file coords_23.pdb (PDB, C-alpha atoms and all ligand atoms)
MODEL        1
ATOM      1  CA  MET A  56      -2.027  -4.236  36.952  1.00  0.00           C
ATOM      2  CA  SER A  57       1.193  -2.680  35.640  1.00  0.00           C
ATOM      3  CA  SER A  58       1.156   0.971  34.628  1.00  0.00           C
ATOM      4  CA  MET A  59       0.278   2.255  31.205  1.00  0.00           C
ATOM      5  CA  ARG A  60       3.905   3.376  30.744  1.00  0.00           C
ATOM      6  CA  GLU A  61       5.204  -0.133  31.429  1.00  0.00           C
ATOM      7  CA  PHE A  62       2.683  -1.547  28.989  1.00  0.00           C
ATOM      8  CA  GLU A  63       3.791   0.904  26.311  1.00  0.00           C
ATOM      9  CA  ASN A  64       7.454   0.129  26.939  1.00  0.00           C
ATOM     10  CA  LYS A  65       6.808  -3.586  26.595  1.00  0.00           C
ATOM     11  CA  ILE A  66       4.728  -3.090  23.453  1.00  0.00           C
ATOM     12  CA  ALA A  67       7.540  -1.051  21.906  1.00  0.00           C
ATOM     13  CA  SER A  68      10.422  -3.318  22.870  1.00  0.00           C
ATOM     14  CA  ASP A  69       9.025  -6.870  22.825  1.00  0.00           C
ATOM     15  CA  THR A  70       7.842  -7.735  19.331  1.00  0.00           C
ATOM     16  CA  VAL A  71       6.245 -11.067  20.227  1.00  0.00           C
ATOM     17  CA  TYR A  72       4.238  -9.424  23.013  1.00  0.00           C
ATOM     18  CA  ARG A  73       3.296  -6.595  20.639  1.00  0.00           C
ATOM     19  CA  VAL A  74       2.034  -9.000  17.979  1.00  0.00           C
ATOM     20  CA  VAL A  75       0.063 -11.099  20.456  1.00  0.00           C
ATOM     21  CA  GLU A  76      -1.641  -7.913  21.691  1.00  0.00           C
ATOM     22  CA  LEU A  77      -2.394  -6.825  18.132  1.00  0.00           C
ATOM     23  CA  GLN A  78      -3.632 -10.283  17.217  1.00  0.00           C
ATOM     24  CA  GLU A  79      -6.033 -10.226  20.154  1.00  0.00           C
ATOM     25  CA  PHE A  80      -7.179  -6.682  19.458  1.00  0.00           C
ATOM     26  CA  LEU A  81      -7.852  -7.472  15.790  1.00  0.00           C
ATOM     27  CA  GLU A  82      -9.363 -10.832  16.710  1.00  0.00           C
ATOM     28  CA  LEU A  83      -7.179 -12.673  14.222  1.00  0.00           C
ATOM     29  CA  SER A  84      -8.592 -16.130  14.874  1.00  0.00           C
ATOM     30  CA  ALA A  85      -7.263 -19.664  14.479  1.00  0.00           C
ATOM     31  CA  GLU A  86     -10.208 -20.212  12.135  1.00  0.00           C
ATOM     32  CA  GLU A  87      -9.087 -17.380   9.850  1.00  0.00           C
ATOM     33  CA  ILE A  88      -5.496 -18.618   9.821  1.00  0.00           C
ATOM     34  CA  GLU A  89      -6.648 -22.156   9.078  1.00  0.00           C
ATOM     35  CA  ALA A  90      -8.823 -20.860   6.231  1.00  0.00           C
ATOM     36  CA  ILE A  91      -5.747 -19.157   4.713  1.00  0.00           C
ATOM     37  CA  HIS A  92      -3.640 -22.300   5.068  1.00  0.00           C
ATOM     38  CA  ASN A  93      -6.376 -24.381   3.467  1.00  0.00           C
ATOM     39  CA  VAL A  94      -6.186 -22.327   0.254  1.00  0.00           C
ATOM     40  CA  SER A  95      -2.455 -21.600   0.302  1.00  0.00           C
ATOM     41  CA  HIS A  96      -1.720 -24.286  -2.301  1.00  0.00           C
ATOM     42  CA  ARG A  97      -3.996 -22.403  -4.720  1.00  0.00           C
ATOM     43  CA  LEU A  98      -2.780 -18.971  -3.635  1.00  0.00           C
ATOM     44  CA  THR A  99       0.971 -19.519  -3.849  1.00  0.00           C
ATOM     45  CA  PRO A 100       1.076 -19.966  -7.657  1.00  0.00           C
ATOM     46  CA  LYS A 101      -0.327 -16.419  -7.889  1.00  0.00           C
ATOM     47  CA  LEU A 102       2.327 -14.855  -5.686  1.00  0.00           C
ATOM     48  CA  GLN A 103       5.107 -14.776  -8.289  1.00  0.00           C
ATOM     49  CA  ASP A 104       3.047 -12.303 -10.290  1.00  0.00           C
ATOM     50  CA  VAL A 105       2.516 -10.158  -7.174  1.00  0.00           C
ATOM     51  CA  VAL A 106       6.268 -10.073  -6.545  1.00  0.00           C
ATOM     52  CA  ASP A 107       7.110  -9.335 -10.200  1.00  0.00           C
ATOM     53  CA  ARG A 108       4.671  -6.427 -10.310  1.00  0.00           C
ATOM     54  CA  MET A 109       5.927  -5.080  -6.991  1.00  0.00           C
ATOM     55  CA  TYR A 110       9.553  -5.082  -8.143  1.00  0.00           C
ATOM     56  CA  ASP A 111       8.540  -3.543 -11.480  1.00  0.00           C
ATOM     57  CA  LEU A 112       7.115  -0.670  -9.420  1.00  0.00           C
ATOM     58  CA  PHE A 113      10.286  -0.472  -7.293  1.00  0.00           C
ATOM     59  CA  THR A 114      12.410  -0.170 -10.430  1.00  0.00           C
ATOM     60  CA  GLN A 115      10.323   2.665 -11.852  1.00  0.00           C
ATOM     61  CA  GLN A 116      11.559   5.351  -9.467  1.00  0.00           C
ATOM     62  CA  ASP A 117      15.041   6.320  -8.335  1.00  0.00           C
ATOM     63  CA  ALA A 118      13.725   6.763  -4.777  1.00  0.00           C
ATOM     64  CA  THR A 119      13.111   3.016  -4.493  1.00  0.00           C
ATOM     65  CA  LEU A 120      15.665   1.857  -7.051  1.00  0.00           C
ATOM     66  CA  ARG A 121      18.603   3.339  -5.125  1.00  0.00           C
ATOM     67  CA  HIS A 122      18.180   0.757  -2.349  1.00  0.00           C
ATOM     68  CA  PHE A 123      19.253  -2.033  -4.654  1.00  0.00           C
ATOM     69  CA  ALA A 124      22.790  -0.733  -5.151  1.00  0.00           C
ATOM     70  CA  ARG A 125      24.157  -2.215  -1.927  1.00  0.00           C
ATOM     71  CA  PRO A 126      25.039  -5.651  -0.518  1.00  0.00           C
ATOM     72  CA  GLN A 127      22.154  -7.824   0.668  1.00  0.00           C
ATOM     73  CA  ALA A 128      22.061 -10.766   3.030  1.00  0.00           C
ATOM     74  CA  GLY A 129      22.682 -14.155   1.384  1.00  0.00           C
ATOM     75  CA  TYR A 130      23.832 -12.709  -1.960  1.00  0.00           C
ATOM     76  CA  ASP A 131      27.426 -12.952  -3.247  1.00  0.00           C
ATOM     77  CA  GLY A 132      26.860 -11.884  -6.866  1.00  0.00           C
ATOM     78  CA  PRO A 133      27.662  -8.563  -8.530  1.00  0.00           C
ATOM     79  CA  ILE A 134      26.246  -5.450  -6.857  1.00  0.00           C
ATOM     80  CA  PRO A 135      24.890  -2.914  -9.357  1.00  0.00           C
ATOM     81  CA  GLU A 136      26.865   0.310  -9.129  1.00  0.00           C
ATOM     82  CA  ARG A 137      24.759   2.599 -11.287  1.00  0.00           C
ATOM     83  CA  LEU A 138      20.970   2.881 -11.127  1.00  0.00           C
ATOM     84  CA  GLU A 139      20.692   2.162 -14.859  1.00  0.00           C
ATOM     85  CA  GLU A 140      22.173  -1.296 -14.248  1.00  0.00           C
ATOM     86  CA  ILE A 141      19.348  -2.259 -11.892  1.00  0.00           C
ATOM     87  CA  THR A 142      16.872  -3.933 -14.215  1.00  0.00           C
ATOM     88  CA  PRO A 143      14.246  -6.441 -13.045  1.00  0.00           C
ATOM     89  CA  ASP A 144      16.439  -9.188 -14.588  1.00  0.00           C
ATOM     90  CA  HIS A 145      19.659  -8.245 -12.804  1.00  0.00           C
ATOM     91  CA  PRO A 146      20.862 -11.178 -10.632  1.00  0.00           C
ATOM     92  CA  TYR A 147      20.561  -8.911  -7.590  1.00  0.00           C
ATOM     93  CA  MET A 148      16.896  -8.205  -8.330  1.00  0.00           C
ATOM     94  CA  LYS A 149      16.238 -11.853  -9.121  1.00  0.00           C
ATOM     95  CA  GLN A 150      17.603 -12.744  -5.703  1.00  0.00           C
ATOM     96  CA  ARG A 151      15.413 -10.098  -4.053  1.00  0.00           C
ATOM     97  CA  LYS A 152      12.360 -11.483  -5.825  1.00  0.00           C
ATOM     98  CA  VAL A 153      13.174 -15.064  -4.818  1.00  0.00           C
ATOM     99  CA  ALA A 154      13.519 -13.970  -1.175  1.00  0.00           C
ATOM    100  CA  THR A 155      10.320 -11.915  -1.219  1.00  0.00           C
ATOM    101  CA  LEU A 156       8.384 -14.742  -2.852  1.00  0.00           C
ATOM    102  CA  ARG A 157       9.680 -17.169  -0.218  1.00  0.00           C
ATOM    103  CA  PHE A 158       8.536 -14.753   2.434  1.00  0.00           C
ATOM    104  CA  LEU A 159       5.016 -14.345   1.011  1.00  0.00           C
ATOM    105  CA  VAL A 160       4.601 -18.093   0.542  1.00  0.00           C
ATOM    106  CA  GLY A 161       5.567 -18.519   4.196  1.00  0.00           C
ATOM    107  CA  LEU A 162       3.090 -15.839   5.234  1.00  0.00           C
ATOM    108  CA  VAL A 163       0.148 -17.728   3.718  1.00  0.00           C
ATOM    109  CA  SER A 164       1.234 -21.272   4.509  1.00  0.00           C
ATOM    110  CA  ARG A 165       3.285 -21.475   7.731  1.00  0.00           C
ATOM    111  CA  PRO A 166       2.104 -21.302  11.332  1.00  0.00           C
ATOM    112  CA  PHE A 167       1.756 -17.750  12.637  1.00  0.00           C
ATOM    113  CA  ASN A 168       3.758 -18.468  15.773  1.00  0.00           C
ATOM    114  CA  THR A 169       6.670 -17.059  17.776  1.00  0.00           C
ATOM    115  CA  SER A 170       9.284 -18.023  15.220  1.00  0.00           C
ATOM    116  CA  ALA A 171       7.204 -16.444  12.402  1.00  0.00           C
ATOM    117  CA  ILE A 172       6.954 -13.235  14.441  1.00  0.00           C
ATOM    118  CA  GLN A 173      10.694 -13.237  15.126  1.00  0.00           C
ATOM    119  CA  HIS A 174      11.288 -13.681  11.412  1.00  0.00           C
ATOM    120  CA  LEU A 175       9.063 -10.666  10.695  1.00  0.00           C
ATOM    121  CA  ASP A 176      11.038  -8.699  13.227  1.00  0.00           C
ATOM    122  CA  TRP A 177      14.328  -9.684  11.556  1.00  0.00           C
ATOM    123  CA  ILE A 178      12.945  -8.446   8.248  1.00  0.00           C
ATOM    124  CA  GLY A 179      12.054  -5.143   9.878  1.00  0.00           C
ATOM    125  CA  LYS A 180      15.609  -4.915  11.221  1.00  0.00           C
ATOM    126  CA  LEU A 181      17.058  -5.691   7.789  1.00  0.00           C
ATOM    127  CA  HIS A 182      15.382  -2.589   6.414  1.00  0.00           C
ATOM    128  CA  ASN A 183      16.842  -0.348   9.103  1.00  0.00           C
ATOM    129  CA  SER A 184      20.521  -1.350   9.312  1.00  0.00           C
ATOM    130  CA  GLN A 185      19.867  -3.393  12.449  1.00  0.00           C
ATOM    131  CA  ALA A 186      20.688  -6.575  10.501  1.00  0.00           C
ATOM    132  CA  GLY A 187      22.153  -7.229   7.044  1.00  0.00           C
ATOM    133  CA  SER A 188      23.496  -4.215   5.156  1.00  0.00           C
ATOM    134  CA  ARG A 189      24.670  -1.528   7.580  1.00  0.00           C
ATOM    135  CA  ASP A 190      23.755   1.504   5.474  1.00  0.00           C
ATOM    136  CA  PHE A 191      20.177   0.644   4.600  1.00  0.00           C
ATOM    137  CA  LYS A 192      17.304   2.642   6.066  1.00  0.00           C
ATOM    138  CA  LEU A 193      14.057   2.346   4.165  1.00  0.00           C
ATOM    139  CA  PRO A 194      11.763   5.402   4.335  1.00  0.00           C
ATOM    140  CA  ALA A 195       8.515   4.466   6.102  1.00  0.00           C
ATOM    141  CA  VAL A 196       6.394   5.595   3.175  1.00  0.00           C
ATOM    142  CA  GLN A 197       8.070   3.004   0.944  1.00  0.00           C
ATOM    143  CA  PHE A 198       7.212   0.243   3.388  1.00  0.00           C
ATOM    144  CA  GLU A 199       3.637   1.454   3.551  1.00  0.00           C
ATOM    145  CA  ALA A 200       3.398   1.656  -0.233  1.00  0.00           C
ATOM    146  CA  GLY A 201       4.809  -1.862  -0.524  1.00  0.00           C
ATOM    147  CA  MET A 202       2.507  -3.292   2.129  1.00  0.00           C
ATOM    148  CA  GLY A 203      -0.503  -1.523   0.606  1.00  0.00           C
ATOM    149  CA  PHE A 204       0.417  -3.100  -2.709  1.00  0.00           C
ATOM    150  CA  ILE A 205       0.827  -6.569  -1.170  1.00  0.00           C
ATOM    151  CA  SER A 206      -2.438  -6.284   0.703  1.00  0.00           C
ATOM    152  CA  ALA A 207      -4.436  -5.169  -2.361  1.00  0.00           C
ATOM    153  CA  SER A 208      -2.770  -7.825  -4.531  1.00  0.00           C
ATOM    154  CA  LEU A 209      -3.592 -10.589  -2.063  1.00  0.00           C
ATOM    155  CA  ILE A 210      -7.256  -9.528  -2.052  1.00  0.00           C
ATOM    156  CA  SER A 211      -7.331  -9.634  -5.866  1.00  0.00           C
ATOM    157  CA  ALA A 212      -5.590 -13.016  -5.918  1.00  0.00           C
ATOM    158  CA  VAL A 213      -8.041 -14.515  -3.407  1.00  0.00           C
ATOM    159  CA  LYS A 214     -10.999 -13.252  -5.421  1.00  0.00           C
ATOM    160  CA  THR A 215      -9.814 -15.160  -8.497  1.00  0.00           C
ATOM    161  CA  LEU A 216     -10.099 -18.419  -6.516  1.00  0.00           C
ATOM    162  CA  ASN A 217     -13.918 -18.200  -6.556  1.00  0.00           C
ATOM    163  CA  LEU A 218     -14.233 -19.605  -3.065  1.00  0.00           C
ATOM    164  CA  PRO A 219     -17.608 -20.101  -1.368  1.00  0.00           C
ATOM    165  CA  ARG A 220     -18.561 -16.774   0.212  1.00  0.00           C
ATOM    166  CA  SER A 221     -18.096 -17.750   3.861  1.00  0.00           C
ATOM    167  CA  GLN A 222     -14.685 -19.253   3.157  1.00  0.00           C
ATOM    168  CA  GLU A 223     -13.584 -16.252   1.087  1.00  0.00           C
ATOM    169  CA  SER A 224     -14.648 -13.910   3.812  1.00  0.00           C
ATOM    170  CA  LEU A 225     -12.552 -15.761   6.421  1.00  0.00           C
ATOM    171  CA  VAL A 226      -9.502 -15.829   4.137  1.00  0.00           C
ATOM    172  CA  LEU A 227      -9.797 -12.135   3.287  1.00  0.00           C
ATOM    173  CA  SER A 228     -10.321 -10.935   6.832  1.00  0.00           C
ATOM    174  CA  GLY A 229      -7.437 -13.118   8.055  1.00  0.00           C
ATOM    175  CA  LEU A 230      -5.072 -11.837   5.369  1.00  0.00           C
ATOM    176  CA  GLN A 231      -6.000  -8.225   5.992  1.00  0.00           C
ATOM    177  CA  LYS A 232      -5.317  -8.570   9.690  1.00  0.00           C
ATOM    178  CA  MET A 233      -2.004 -10.305   9.011  1.00  0.00           C
ATOM    179  CA  CYS A 234      -0.985  -7.525   6.612  1.00  0.00           C
ATOM    180  CA  TRP A 235      -1.754  -4.848   9.217  1.00  0.00           C
ATOM    181  CA  ILE A 236       0.254  -6.749  11.809  1.00  0.00           C
ATOM    182  CA  LEU A 237       3.125  -7.236   9.381  1.00  0.00           C
ATOM    183  CA  ASN A 238       3.031  -3.542   8.494  1.00  0.00           C
ATOM    184  CA  ASP A 239       3.195  -2.646  12.157  1.00  0.00           C
ATOM    185  CA  VAL A 240       6.144  -4.938  12.913  1.00  0.00           C
ATOM    186  CA  LEU A 241       8.112  -3.648   9.935  1.00  0.00           C
ATOM    187  CA  LEU A 242       7.373   0.003  10.695  1.00  0.00           C
ATOM    188  CA  ASN A 243       8.188  -0.400  14.365  1.00  0.00           C
ATOM    189  CA  ARG A 244      11.724  -1.408  13.411  1.00  0.00           C
ATOM    190  CA  LEU A 245      12.088   1.753  11.358  1.00  0.00           C
ATOM    191  CA  ALA A 246      11.765   3.743  14.559  1.00  0.00           C
ATOM    192  CA  ASP A 247      15.381   3.873  15.680  1.00  0.00           C
ATOM    193  CA  PRO A 248      15.522   2.578  18.408  1.00  0.00           C
ATOM    194  CA  PRO A 249      11.962   1.425  19.317  1.00  0.00           C
ATOM    195  CA  VAL A 250       9.997   4.372  20.667  1.00  0.00           C
ATOM    196  CA  ALA A 251       9.860   3.369  24.326  1.00  0.00           C
ATOM    197  CA  ASP A 252      13.651   2.871  24.495  1.00  0.00           C
ATOM    198  CA  VAL A 253      14.402   6.539  23.810  1.00  0.00           C
ATOM    199  CA  ARG A 254      12.590   7.820  26.859  1.00  0.00           C
ATOM    200  CA  PRO A 255      14.986   9.284  29.408  1.00  0.00           C
ATOM    201  CA  ASN A 256      15.861   6.895  32.248  1.00  0.00           C
ATOM    202  CA  ASP A 257      14.508   9.429  34.721  1.00  0.00           C
ATOM    203  CA  HIS A 258      10.997   8.875  33.417  1.00  0.00           C
ATOM    204  CA  ARG A 259      11.273   5.149  33.981  1.00  0.00           C
ATOM    205  CA  ARG A 260      12.690   5.554  37.488  1.00  0.00           C
ATOM    206  CA  ASN A 261       9.698   7.690  38.342  1.00  0.00           C
ATOM    207  CA  LEU A 262       7.224   5.092  37.129  1.00  0.00           C
ATOM    208  CA  ARG A 263       4.307   4.722  39.446  1.00  0.00           C
ATOM    209  CA  VAL A 264       2.713   1.288  39.287  1.00  0.00           C
ATOM    210  CA  GLU A 265      -1.021   1.659  39.127  1.00  0.00           C
ATOM    211  CA  SER A 266      -3.274  -1.016  40.490  1.00  0.00           C
ATOM    212  CA  ASP A 267      -6.953  -1.508  39.964  1.00  0.00           C
TER     213      ASP A 267
HETATM  214  C1  LIG B 301       6.662  -3.749   1.645  1.00  0.00           C
HETATM  215  C2  LIG B 301       7.020  -4.755   2.315  1.00  0.00           C
HETATM  216  C3  LIG B 301       8.341  -5.464   2.163  1.00  0.00           C
HETATM  217  C4  LIG B 301       8.533  -6.752   2.453  1.00  0.00           C
HETATM  218  C5  LIG B 301       7.490  -7.744   2.957  1.00  0.00           C
HETATM  219  C6  LIG B 301       9.932  -7.046   2.209  1.00  0.00           C
HETATM  220  C7  LIG B 301      10.516  -8.270   2.369  1.00  0.00           C
HETATM  221  C8  LIG B 301      11.866  -8.478   2.426  1.00  0.00           C
HETATM  222  C9  LIG B 301      12.501  -9.686   2.863  1.00  0.00           C
HETATM  223  C10 LIG B 301      11.741 -10.972   3.224  1.00  0.00           C
HETATM  224  C11 LIG B 301      13.828  -9.479   2.871  1.00  0.00           C
HETATM  225  C12 LIG B 301      14.904 -10.472   3.324  1.00  0.00           C
HETATM  226  C13 LIG B 301      15.107 -11.502   2.305  1.00  0.00           C
HETATM  227  C14 LIG B 301      16.032 -12.609   2.731  1.00  0.00           C
HETATM  228  O1  LIG B 301      17.243 -12.429   2.539  1.00  0.00           O
HETATM  229  O2  LIG B 301      15.534 -13.634   3.192  1.00  0.00           O
HETATM  230  C15 LIG B 301      14.048  -8.142   2.386  1.00  0.00           C
HETATM  231  C16 LIG B 301      15.273  -7.545   2.210  1.00  0.00           C
HETATM  232  C17 LIG B 301      15.457  -6.416   1.470  1.00  0.00           C
HETATM  233  N1  LIG B 301      14.472  -5.571   1.002  1.00  0.00           N
HETATM  234 FE1  LIG B 301      12.532  -5.706   1.433  1.00  0.00          FE
HETATM  235  N2  LIG B 301      10.552  -5.904   1.751  1.00  0.00           N
HETATM  236  C18 LIG B 301       9.623  -4.921   1.696  1.00  0.00           C
HETATM  237  C19 LIG B 301       9.837  -3.640   1.243  1.00  0.00           C
HETATM  238  C20 LIG B 301      10.984  -3.244   0.605  1.00  0.00           C
HETATM  239  C21 LIG B 301      11.132  -2.033  -0.146  1.00  0.00           C
HETATM  240  C22 LIG B 301      10.005  -1.008  -0.376  1.00  0.00           C
HETATM  241  C23 LIG B 301      12.425  -2.011  -0.606  1.00  0.00           C
HETATM  242  C24 LIG B 301      13.119  -0.995  -1.436  1.00  0.00           C
HETATM  243  C25 LIG B 301      12.505  -0.177  -2.257  1.00  0.00           C
HETATM  244  C26 LIG B 301      13.080  -3.206  -0.109  1.00  0.00           C
HETATM  245  C27 LIG B 301      14.402  -3.550  -0.336  1.00  0.00           C
HETATM  246  C28 LIG B 301      15.048  -4.587   0.276  1.00  0.00           C
HETATM  247  C29 LIG B 301      16.490  -4.788   0.257  1.00  0.00           C
HETATM  248  C30 LIG B 301      17.515  -3.915  -0.446  1.00  0.00           C
HETATM  249  C31 LIG B 301      16.751  -5.942   1.015  1.00  0.00           C
HETATM  250  C32 LIG B 301      18.113  -6.560   1.333  1.00  0.00           C
HETATM  251  C33 LIG B 301      18.573  -6.015   2.679  1.00  0.00           C
HETATM  252  C34 LIG B 301      19.815  -6.720   3.237  1.00  0.00           C
HETATM  253  O3  LIG B 301      19.975  -7.919   3.005  1.00  0.00           O
HETATM  254  O4  LIG B 301      20.594  -6.050   3.923  1.00  0.00           O
HETATM  255  N3  LIG B 301      12.174  -3.917   0.612  1.00  0.00           N
HETATM  256  N4  LIG B 301      12.842  -7.548   2.123  1.00  0.00           N
ENDMDL
END

call {"tool": "encode", "arguments": {"input": "coords_23.pdb", "output": "C-alpha cells"}}
result
Amino acid sequence: MSSMREFENKIASDTVYRVVELQEFLELSAEEIEAIHNVSHRLTPKLQDVVDRMYDLFTQQDATLRHFARPQAGYDGPIPERLEEITPDHPYMKQRKVATLRFLVGLVSRPFNTSAIQHLDWIGKLHNSQAGSRDFKLPAVQFEAGMGFISASLISAVKTLNLPRSQESLVLSGLQKMCWILNDVLLNRLADPPVADVRPNDHRRNLRVESD
C-alpha cells in the first residue's frame, strides 16, 4: 500500500481520483444518479428560477457584484465598467445566467463520468485565474454561499415534484452528495496551487512507502 503522504498528494493533484474517492466514501450510487436522471426532465424547467434568484443575490452586494466587471470566457459583448451598470438584465449577466443554467441542467441530466469531472475542474479553475479571465479569484466563502444556495434550492425544487417517497429520497440523497462533491472540486481549485503541490520537494524525497 502506498503511504498516506502519497495518497494525500494524489487526492490533491488528481481531480478524477479525488472525485472517485469522494464518490465511494459518500456512497453516491448508480441508483441515485439514475433516479436524478429519471426526473431531470421535470427538474430542469425549475432551474431557471434557481439561477435567476442566485444572480439576484449576487447583484445585491458589491463583494459579489465586483466579479462581473471583467472579461468572461465565451463572451464578446460589452463589459460593465461601473458596478451600477451591472444589473441582472445586462448582457454580461444574461450570458452568465445562460452558462450557469446550462451547467445545472448538465449536472442533473448528464452522466457523472470522467468528462463531467474534468468539466467541474475547469469551472473551478475559471474561478481562480487558472483558466478564462486572468485576474479572477473568487473568495471561498462566496463559492460556499453559492453552493449552499444551489443545494437548498435543488431540495426545494425536488419537493415540488411530489415524487413517491422512496424515489424522492434517492433523488435528494444523490443531489446532496453531488453538491458536496461539486463544492469540494470547486474549492480545491481555489487553493493555489493544490495543497499537496506546495509541500517542499525535500518532504517528498523523504517519503517512506508503508506497506501493510
Ligand atoms: C456557487 C457555485 C458556482 C457555480 C456552480 C458556478 C458556475 C460557473 C460556470 C459553469 C462558469 C463557466 C460558464 C461557461 O462559460 O461555460 C462560471 C464562470 C464564472 N462565474 Fe461562476 N459559479 C459559481 C459561483 C460563482 C460566484 C459566487 C461568482 C461571483 C460572485 C461567479 C462568477 C463567475 C464569473 C465572473 C465567471 C466567468 C469567468 C471567466 O470566464 O473567466 N461564480 N461559473

call {"tool": "atom_distance", "arguments": {"input": "coords_23.pdb", "atom1": "atom CA of A:Arg244", "atom2": "atom CA of A:Lys180"}}
result
5.7 Å

call {"tool": "atom_distance", "arguments": {"input": "coords_23.pdb", "atom1": "atom CA of A:Leu230", "atom2": "atom CA of A:Ile178"}}
result
18.6 Å

call {"tool": "residues_around", "arguments": {"input": "coords_23.pdb", "residues": "stretch 216-223 of chain A", "least_positions_apart": "5", "cutoff": "8 Å", "atoms": "all atoms listed in the file", "output": "ChimeraX atom specification"}}
result
/A:90,97-98

call {"tool": "residues_around", "arguments": {"input": "coords_23.pdb", "residues": "stretch 147-161 of chain A", "least_positions_apart": "5", "cutoff": "8 Å", "atoms": "all atoms listed in the file", "output": "PyMOL selection string"}}
result
chain A and resi 95+99+102-103+106-107+110+123+130+132-135+141-142

call {"tool": "atom_distance", "arguments": {"input": "coords_23.pdb", "atom1": "atom CA of A:Gly203", "atom2": "atom N4 of ligand LIG 301 (chain B)"}}
result
14.7 Å

call {"tool": "residues_around", "arguments": {"input": "coords_23.pdb", "residues": "A:Glu139", "least_positions_apart": "6", "cutoff": "10 Å", "atoms": "all atoms listed in the file", "output": "short mmCIF file (atom, residue, chain, number, x, y, z; two decimals) with C-alpha atoms, keeping the file's coordinate frame"}}
result
data_model
loop_
_atom_site.label_atom_id
_atom_site.label_comp_id
_atom_site.auth_asym_id
_atom_site.auth_seq_id
_atom_site.Cartn_x
_atom_site.Cartn_y
_atom_site.Cartn_z
CA THR A 114 12.41 -0.17 -10.43
CA ASP A 117 15.04 6.32 -8.34
CA LEU A 120 15.66 1.86 -7.05
#

call {"tool": "residues_near_ligand", "arguments": {"input": "coords_23.pdb", "ligand": "ligand LIG 301 (chain B)", "cutoff": "8 Å", "atoms": "only C-alpha atoms and all ligand atoms", "output": "PyMOL selection string"}}
result
chain A and resi 113+118-130+151+154-159+175+178+181-182+184+186-189+191+193+197-205+237-238+241

call {"tool": "closest_residue", "arguments": {"input": "coords_23.pdb", "among": "A:Thr169, A:Asn183, A:Trp177, A:Val213", "to": "A:Val75", "atoms": "all atoms listed in the file"}}
result
A:Thr169

call {"tool": "resolve_selection", "arguments": {"input": "coords_23.pdb", "expression": "the PyMOL selection byres (((chain A and resi 78) around 12) and not hetatm)", "output": "PDB file with C-alpha atoms, in the coordinates of the input"}}
result
ATOM      1  CA  THR A  70       7.842  -7.735  19.331  1.00  0.00           C
ATOM      2  CA  VAL A  71       6.245 -11.067  20.227  1.00  0.00           C
ATOM      3  CA  TYR A  72       4.238  -9.424  23.013  1.00  0.00           C
ATOM      4  CA  ARG A  73       3.296  -6.595  20.639  1.00  0.00           C
ATOM      5  CA  VAL A  74       2.034  -9.000  17.979  1.00  0.00           C
ATOM      6  CA  VAL A  75       0.063 -11.099  20.456  1.00  0.00           C
ATOM      7  CA  GLU A  76      -1.641  -7.913  21.691  1.00  0.00           C
ATOM      8  CA  LEU A  77      -2.394  -6.825  18.132  1.00  0.00           C
ATOM      9  CA  GLU A  79      -6.033 -10.226  20.154  1.00  0.00           C
ATOM     10  CA  PHE A  80      -7.179  -6.682  19.458  1.00  0.00           C
ATOM     11  CA  LEU A  81      -7.852  -7.472  15.790  1.00  0.00           C
ATOM     12  CA  GLU A  82      -9.363 -10.832  16.710  1.00  0.00           C
ATOM     13  CA  LEU A  83      -7.179 -12.673  14.222  1.00  0.00           C
ATOM     14  CA  SER A  84      -8.592 -16.130  14.874  1.00  0.00           C
ATOM     15  CA  ALA A  85      -7.263 -19.664  14.479  1.00  0.00           C
ATOM     16  CA  GLU A  87      -9.087 -17.380   9.850  1.00  0.00           C
ATOM     17  CA  ILE A  88      -5.496 -18.618   9.821  1.00  0.00           C
ATOM     18  CA  PHE A 167       1.756 -17.750  12.637  1.00  0.00           C
ATOM     19  CA  ASN A 168       3.758 -18.468  15.773  1.00  0.00           C
ATOM     20  CA  ILE A 172       6.954 -13.235  14.441  1.00  0.00           C
ATOM     21  CA  GLY A 229      -7.437 -13.118   8.055  1.00  0.00           C
ATOM     22  CA  GLN A 231      -6.000  -8.225   5.992  1.00  0.00           C
ATOM     23  CA  LYS A 232      -5.317  -8.570   9.690  1.00  0.00           C
ATOM     24  CA  MET A 233      -2.004 -10.305   9.011  1.00  0.00           C
ATOM     25  CA  CYS A 234      -0.985  -7.525   6.612  1.00  0.00           C
ATOM     26  CA  TRP A 235      -1.754  -4.848   9.217  1.00  0.00           C
ATOM     27  CA  ILE A 236       0.254  -6.749  11.809  1.00  0.00           C
ATOM     28  CA  LEU A 237       3.125  -7.236   9.381  1.00  0.00           C
ATOM     29  CA  ASP A 239       3.195  -2.646  12.157  1.00  0.00           C
ATOM     30  CA  VAL A 240       6.144  -4.938  12.913  1.00  0.00           C
TER      31      VAL A 240
END

call {"tool": "axis_aligned_box", "arguments": {"input": "coords_23.pdb", "around": "stretch 160-171 of chain A", "padding_each_side": "4 Å", "output": "AutoDock Vina command-line options"}}
result
--center_x 4.7 --center_y -18.7 --center_z 9.2 --size_x 17.1 --size_y 13.6 --size_z 25.2

call {"tool": "build_atoms", "arguments": {"input": "coords_23.pdb", "residues": "stretch 218-223 of chain A", "atoms": "N, CA and C atoms", "output": "PDB file, in the frame of the given file"}}
result
ATOM      1  N   LEU A 218     -13.922 -18.781  -4.239  1.00  0.00           N
ATOM      2  CA  LEU A 218     -14.233 -19.605  -3.065  1.00  0.00           C
ATOM      3  C   LEU A 218     -15.687 -19.384  -2.652  1.00  0.00           C
ATOM      4  N   PRO A 219     -16.288 -20.355  -1.956  1.00  0.00           N
ATOM      5  CA  PRO A 219     -17.608 -20.101  -1.368  1.00  0.00           C
ATOM      6  C   PRO A 219     -17.517 -18.854  -0.478  1.00  0.00           C
ATOM      7  N   ARG A 220     -18.607 -18.097  -0.425  1.00  0.00           N
ATOM      8  CA  ARG A 220     -18.561 -16.774   0.212  1.00  0.00           C
ATOM      9  C   ARG A 220     -18.036 -16.795   1.649  1.00  0.00           C
ATOM     10  N   SER A 221     -18.509 -17.757   2.445  1.00  0.00           N
ATOM     11  CA  SER A 221     -18.096 -17.750   3.861  1.00  0.00           C
ATOM     12  C   SER A 221     -16.598 -18.047   3.988  1.00  0.00           C
ATOM     13  N   GLN A 222     -16.110 -18.922   3.119  1.00  0.00           N
ATOM     14  CA  GLN A 222     -14.685 -19.253   3.157  1.00  0.00           C
ATOM     15  C   GLN A 222     -13.853 -18.050   2.687  1.00  0.00           C
ATOM     16  N   GLU A 223     -14.307 -17.416   1.614  1.00  0.00           N
ATOM     17  CA  GLU A 223     -13.584 -16.252   1.087  1.00  0.00           C
ATOM     18  C   GLU A 223     -13.503 -15.153   2.134  1.00  0.00           C
TER      19      GLU A 223
END
